[in-house]
file final-v2.cif (mmCIF, C-alpha atoms)
data_run
loop_
_atom_site.group_PDB
_atom_site.id
_atom_site.type_symbol
_atom_site.label_atom_id
_atom_site.label_comp_id
_atom_site.auth_asym_id
_atom_site.auth_seq_id
_atom_site.Cartn_x
_atom_site.Cartn_y
_atom_site.Cartn_z
ATOM 1 C CA MET T 50 75.909 108.944 83.022
ATOM 2 C CA ARG T 51 74.860 110.795 79.882
ATOM 3 C CA LYS T 52 72.131 109.329 77.690
ATOM 4 C CA LEU T 53 72.031 108.973 73.925
ATOM 5 C CA SER T 54 68.749 110.068 72.358
ATOM 6 C CA LEU T 55 67.398 109.577 68.862
ATOM 7 C CA PHE T 56 65.179 112.502 67.787
ATOM 8 C CA ILE T 57 64.030 111.861 64.232
ATOM 9 C CA ALA T 58 61.086 112.022 61.837
ATOM 10 C CA MET T 59 59.806 109.245 59.609
ATOM 11 C CA SER T 60 56.916 108.596 57.251
ATOM 12 C CA LEU T 61 54.008 106.474 58.473
ATOM 13 C CA ASP T 62 55.484 103.551 56.526
ATOM 14 C CA GLY T 63 58.857 103.879 58.272
ATOM 15 C CA TYR T 64 61.097 105.869 55.918
ATOM 16 C CA ILE T 65 63.419 108.670 57.067
ATOM 17 C CA ALA T 66 64.256 109.726 53.508
ATOM 18 C CA LYS T 67 62.902 109.292 50.018
ATOM 19 C CA PRO T 68 65.187 107.813 47.342
ATOM 20 C CA ASN T 69 68.377 109.855 46.764
ATOM 21 C CA ASP T 70 68.376 111.023 50.419
ATOM 22 C CA ASP T 71 65.464 113.390 49.687
ATOM 23 C CA LEU T 72 64.008 114.827 52.908
ATOM 24 C CA SER T 73 61.461 117.107 51.207
ATOM 25 C CA PHE T 74 58.516 115.214 52.735
ATOM 26 C CA LEU T 75 59.358 116.885 56.063
ATOM 27 C CA LYS T 76 58.013 120.134 54.582
ATOM 28 C CA LEU T 77 54.495 118.603 54.714
ATOM 29 C CA VAL T 78 54.318 119.413 58.433
ATOM 30 C CA GLU T 79 56.178 122.722 58.498
ATOM 31 C CA LYS T 80 54.165 125.303 60.403
ATOM 32 C CA GLU T 81 55.341 128.732 61.458
ATOM 33 C CA GLY T 82 56.136 128.813 65.165
ATOM 34 C CA GLU T 83 56.023 125.012 65.571
ATOM 35 C CA ASP T 84 59.257 123.066 66.046
ATOM 36 C CA TYR T 85 57.744 119.925 67.605
ATOM 37 C CA GLY T 86 59.831 120.220 70.768
ATOM 38 C CA TYR T 87 63.163 120.459 68.940
ATOM 39 C CA THR T 88 64.357 123.633 70.735
ATOM 40 C CA GLU T 89 63.500 122.203 74.143
ATOM 41 C CA PHE T 90 65.169 118.896 73.254
ATOM 42 C CA THR T 91 68.376 120.484 71.931
ATOM 43 C CA SER T 92 68.674 122.649 75.062
ATOM 44 C CA GLN T 93 69.405 119.388 76.926
ATOM 45 C CA ILE T 94 72.232 118.197 74.642
ATOM 46 C CA ASP T 95 75.793 119.307 74.018
ATOM 47 C CA THR T 96 76.932 116.579 71.634
ATOM 48 C CA ILE T 97 75.582 115.418 68.262
ATOM 49 C CA ILE T 98 76.379 112.197 66.431
ATOM 50 C CA ILE T 99 75.358 112.178 62.783
ATOM 51 C CA GLY T 100 76.071 110.182 59.647
ATOM 52 C CA ARG T 101 78.055 111.868 56.896
ATOM 53 C CA ARG T 102 75.313 111.693 54.239
ATOM 54 C CA THR T 103 72.751 113.281 56.569
ATOM 55 C CA TYR T 104 75.289 115.887 57.642
ATOM 56 C CA ASP T 105 76.143 116.796 54.030
ATOM 57 C CA TYR T 106 72.439 117.091 53.109
ATOM 58 C CA VAL T 107 71.623 119.370 56.064
ATOM 59 C CA VAL T 108 74.715 121.535 55.537
ATOM 60 C CA LYS T 109 73.765 121.956 51.864
ATOM 61 C CA GLU T 110 70.100 122.755 52.601
ATOM 62 C CA ILE T 111 70.378 124.733 55.867
ATOM 63 C CA GLY T 112 74.054 125.432 56.580
ATOM 64 C CA ALA T 113 76.743 124.143 58.946
ATOM 65 C CA SER T 114 75.555 126.390 61.783
ATOM 66 C CA HIS T 115 72.464 124.160 62.131
ATOM 67 C CA TYR T 116 74.765 121.723 63.921
ATOM 68 C CA ASP T 117 77.875 123.669 64.929
ATOM 69 C CA ASN T 118 76.555 126.644 66.842
ATOM 70 C CA GLY T 119 79.762 126.920 68.866
ATOM 71 C CA GLN T 120 78.105 125.373 71.941
ATOM 72 C CA ARG T 121 78.234 121.660 71.174
ATOM 73 C CA ASP T 122 80.503 118.984 69.788
ATOM 74 C CA ILE T 123 79.544 117.330 66.496
ATOM 75 C CA TYR T 124 80.808 113.914 65.455
ATOM 76 C CA VAL T 125 80.190 113.159 61.793
ATOM 77 C CA ILE T 126 80.531 109.402 61.332
ATOM 78 C CA THR T 127 82.398 108.779 58.082
ATOM 79 C CA ARG T 128 84.796 106.402 56.373
ATOM 80 C CA THR T 129 86.808 109.275 54.835
ATOM 81 C CA GLU T 130 89.320 111.292 56.859
ATOM 82 C CA ARG T 131 88.612 115.019 56.844
ATOM 83 C CA PRO T 132 90.095 117.806 58.958
ATOM 84 C CA GLN T 133 88.128 119.091 61.934
ATOM 85 C CA VAL T 134 86.091 122.239 61.239
ATOM 86 C CA GLY T 135 85.272 124.270 64.350
ATOM 87 C CA ARG T 136 83.757 121.801 66.803
ATOM 88 C CA THR T 137 82.853 119.359 64.019
ATOM 89 C CA VAL T 138 84.966 116.186 64.067
ATOM 90 C CA PHE T 139 84.866 113.781 61.113
ATOM 91 C CA TYR T 140 85.106 110.518 63.029
ATOM 92 C CA THR T 141 86.389 107.343 61.329
ATOM 93 C CA ARG T 142 87.016 104.938 64.219
ATOM 94 C CA SER T 143 84.738 102.678 66.314
ATOM 95 C CA LEU T 144 81.272 104.154 66.893
ATOM 96 C CA THR T 145 80.794 101.971 69.988
ATOM 97 C CA GLU T 146 84.032 103.227 71.529
ATOM 98 C CA LEU T 147 83.040 106.836 70.793
ATOM 99 C CA VAL T 148 79.610 106.449 72.420
ATOM 100 C CA ASP T 149 81.015 104.621 75.445
ATOM 101 C CA ARG T 150 83.585 107.390 75.923
ATOM 102 C CA LEU T 151 81.033 110.189 75.468
ATOM 103 C CA LYS T 152 78.559 108.579 77.877
ATOM 104 C CA SER T 153 81.246 108.315 80.560
ATOM 105 C CA GLU T 154 82.202 111.989 80.301
ATOM 106 C CA THR T 155 80.437 114.779 82.142
ATOM 107 C CA GLY T 156 78.101 117.019 80.202
ATOM 108 C CA LYS T 157 74.625 117.247 78.813
ATOM 109 C CA HIS T 158 73.044 114.468 76.784
ATOM 110 C CA ILE T 159 74.029 113.138 73.347
ATOM 111 C CA TYR T 160 71.788 113.441 70.277
ATOM 112 C CA CYS T 161 71.818 111.112 67.288
ATOM 113 C CA ASP T 162 70.322 112.836 64.245
ATOM 114 C CA GLY T 163 70.701 109.882 61.867
ATOM 115 C CA GLY T 164 71.277 108.531 59.374
ATOM 116 C CA ALA T 165 70.076 104.996 58.990
ATOM 117 C CA GLU T 166 73.528 103.368 58.975
ATOM 118 C CA VAL T 167 74.564 105.101 62.196
ATOM 119 C CA ILE T 168 71.245 104.294 63.870
ATOM 120 C CA HIS T 169 71.575 100.651 62.814
ATOM 121 C CA GLU T 170 75.070 100.392 64.309
ATOM 122 C CA LEU T 171 73.917 102.026 67.555
ATOM 123 C CA LEU T 172 70.951 99.645 67.789
ATOM 124 C CA LYS T 173 73.131 96.598 67.110
ATOM 125 C CA ASP T 174 75.147 97.499 70.209
ATOM 126 C CA ASP T 175 72.089 98.588 72.273
ATOM 127 C CA LEU T 176 73.449 102.114 72.728
ATOM 128 C CA ILE T 177 70.317 104.258 72.207
ATOM 129 C CA ASP T 178 68.667 105.132 75.525
ATOM 130 C CA GLU T 179 65.733 107.256 74.335
ATOM 131 C CA PHE T 180 63.647 107.378 71.153
ATOM 132 C CA ILE T 181 61.653 110.449 70.118
ATOM 133 C CA ILE T 182 60.125 109.627 66.753
ATOM 134 C CA SER T 183 57.859 112.018 64.875
ATOM 135 C CA VAL T 184 55.562 110.254 62.436
ATOM 136 C CA ILE T 185 54.712 112.320 59.344
ATOM 137 C CA PRO T 186 51.284 111.543 57.833
ATOM 138 C CA VAL T 187 52.523 110.319 54.453
ATOM 139 C CA LEU T 188 53.189 106.913 52.886
ATOM 140 C CA LEU T 189 56.380 107.215 50.835
ATOM 141 C CA GLY T 190 56.507 103.676 49.502
ATOM 142 C CA SER T 191 60.303 103.572 49.186
ATOM 143 C CA GLY T 192 63.472 105.190 50.410
ATOM 144 C CA THR T 193 65.671 104.753 53.476
ATOM 145 C CA ARG T 194 64.091 102.814 56.335
ATOM 146 C CA LEU T 195 64.560 104.016 59.897
ATOM 147 C CA PHE T 196 64.927 100.501 61.297
ATOM 148 C CA LYS T 197 66.911 97.998 59.265
ATOM 149 C CA ASP T 198 66.786 94.242 59.722
ATOM 150 C CA GLY T 199 69.606 92.392 61.469
ATOM 151 C CA ARG T 200 69.634 94.013 64.879
ATOM 152 C CA PRO T 201 68.721 92.484 68.243
ATOM 153 C CA GLU T 202 65.250 92.806 69.733
ATOM 154 C CA GLN T 203 64.968 95.650 72.234
ATOM 155 C CA ILE T 204 62.117 96.251 74.662
ATOM 156 C CA LEU T 205 61.068 99.876 75.045
ATOM 157 C CA GLU T 206 59.079 101.631 77.738
ATOM 158 C CA PHE T 207 56.389 104.074 76.614
ATOM 159 C CA ILE T 208 56.832 107.616 77.945
ATOM 160 C CA LYS T 209 54.236 109.650 76.007
ATOM 161 C CA ALA T 210 52.624 110.394 72.673
ATOM 162 C CA LYS T 211 51.717 113.848 71.455
ATOM 163 C CA THR T 212 49.626 114.861 68.467
ATOM 164 C CA PHE T 213 49.837 118.097 66.520
ATOM 165 C CA GLU T 214 47.427 120.024 64.255
ATOM 166 C CA THR T 215 49.535 119.174 61.208
ATOM 167 C CA GLY T 216 48.792 115.463 61.674
ATOM 168 C CA LEU T 217 52.267 114.732 63.007
ATOM 169 C CA MET T 218 52.352 112.323 65.937
ATOM 170 C CA GLN T 219 55.379 112.243 68.199
ATOM 171 C CA LEU T 220 56.194 109.030 70.064
ATOM 172 C CA HIS T 221 58.543 109.015 73.043
ATOM 173 C CA TYR T 222 60.059 105.783 74.415
ATOM 174 C CA LYS T 223 63.034 104.878 76.533
ATOM 175 C CA ARG T 224 65.029 101.666 76.486
ATOM 176 C CA LYS T 225 63.894 99.211 79.132
ATOM 177 C CA LYS T 226 66.933 97.952 80.992
#

call {"tool": "encode", "arguments": {"input": "final-v2.cif", "output": "structure tokens"}}
result
Amino acid sequence: MRKLSLFIAMSLDGYIAKPNDDLSFLKLVEKEGEDYGYTEFTSQIDTIIIGRRTYDYVVKEIGASHYDNGQRDIYVITRTERPQVGRTVFYTRSLTELVDRLKSETGKHIYCDGGAEVIHELLKDDLIDEFIISVIPVLLGSGTRLFKDGRPEQILEFIKAKTFETGLMQLHYKRKK
């Protein structure tokens, strides 16, 4: 069975974005030649689930090819119907049904790249199998929290922690079953 992994960065005080969906704080740890394991991680996935606001921000800042490289399926979770573009599907139905279906299919693993609403829904239904969280050494004070209230408690098993010269710390956990 395929696993669903969350690979995301947050501030030390738990925010994945500043107000107005601003992700500029991620630039604090940009270093030439360092991708914090992202290339290795994405080599193990062939499907991405992402919220529409996060998708729109990344497409505007980086471009659609950041997600749709022609080698993986992208499901943008949205409330608004939009036509499919390449391998990018704008998905408006049940997130739980989508994840259950994807996990039962053959293929590489599934990657959730945010945003907070999608992560919250996945956590409510205990659907995230692995957490790789990079902690950026900054206190933002406000913005979009990674973990919202109102979800069930989940016990995680520690896999490893890795530190980097930039001050970023990457935490790796898997869901304890």

call {"tool": "resolve_selection", "arguments": {"input": "final-v2.cif", "expression": "the PyMOL selection byres ((chain T and resi 174) around 10)", "output": "list in words"}}
result
Leu144, Thr145, His169, Glu170, Leu171, Leu172, Lys173, Asp175, Leu176, Ile177, Arg200 and Pro201 of chain T

call {"tool": "closest_residue", "arguments": {"input": "final-v2.cif", "among": "T:Ala210, T:Val78, T:Val148, T:Leu220", "to": "Ile181 of chain T", "atoms": "all atoms listed in the file"}}
result
T:Leu220

call {"tool": "resolve_selection", "arguments": {"input": "final-v2.cif", "expression": "the PyMOL selection byres ((chain T and resi 84-92) around 9)", "output": "PDB file with C-alpha atoms, in the frame of the given file"}}
result
ATOM      1  CA  PHE T  56      65.179 112.502  67.787  1.00  0.00           C
ATOM      2  CA  GLU T  79      56.178 122.722  58.498  1.00  0.00           C
ATOM      3  CA  LYS T  80      54.165 125.303  60.403  1.00  0.00           C
ATOM      4  CA  GLU T  81      55.341 128.732  61.458  1.00  0.00           C
ATOM      5  CA  GLY T  82      56.136 128.813  65.165  1.00  0.00           C
ATOM      6  CA  GLU T  83      56.023 125.012  65.571  1.00  0.00           C
ATOM      7  CA  GLN T  93      69.405 119.388  76.926  1.00  0.00           C
ATOM      8  CA  ILE T  94      72.232 118.197  74.642  1.00  0.00           C
ATOM      9  CA  ASP T  95      75.793 119.307  74.018  1.00  0.00           C
ATOM     10  CA  LYS T 157      74.625 117.247  78.813  1.00  0.00           C
ATOM     11  CA  TYR T 160      71.788 113.441  70.277  1.00  0.00           C
ATOM     12  CA  SER T 183      57.859 112.018  64.875  1.00  0.00           C
ATOM     13  CA  PHE T 213      49.837 118.097  66.520  1.00  0.00           C
ATOM     14  CA  LEU T 217      52.267 114.732  63.007  1.00  0.00           C
ATOM     15  CA  GLN T 219      55.379 112.243  68.199  1.00  0.00           C
TER      16      GLN T 219
END

call {"tool": "closest_residue", "arguments": {"input": "final-v2.cif", "among": "T:Val107, T:Leu205, T:Ile98, T:Ala165", "to": "Val138 of chain T", "atoms": "only C-alpha atoms"}}
result
T:Ile98

call {"tool": "resolve_selection", "arguments": {"input": "final-v2.cif", "expression": "the PyMOL selection byres ((chain T and resi 162) around 8)", "output": "PyMOL selection string"}}
result
chain T and resi 55-57+97-100+160-161+163-164

call {"tool": "axis_aligned_box", "arguments": {"input": "final-v2.cif", "around": "segment 141-154 of chain T", "padding_each_side": "8 Å", "output": "JSON"}}
result
{"center_x": 82.8, "center_y": 107.0, "center_z": 70.9, "size_x": 24.5, "size_y": 26.0, "size_z": 35.2}

call {"tool": "atom_distance", "arguments": {"input": "final-v2.cif", "atom1": "atom CA of Gln120 of chain T", "atom2": "atom CA of Ser153 of chain T"}}
result
19.4 Å

call {"tool": "residues_near_point", "arguments": {"input": "final-v2.cif", "point": "(80.3, 115.9, 82.7)", "cutoff": "12 Å", "atoms": "only C-alpha atoms", "output": "list in words"}}
result
Met50, Arg51, Lys52, Ile94, Asp95, Thr96, Arg150, Leu151, Lys152, Ser153, Glu154, Thr155, Gly156, Lys157, His158 and Ile159 of chain T
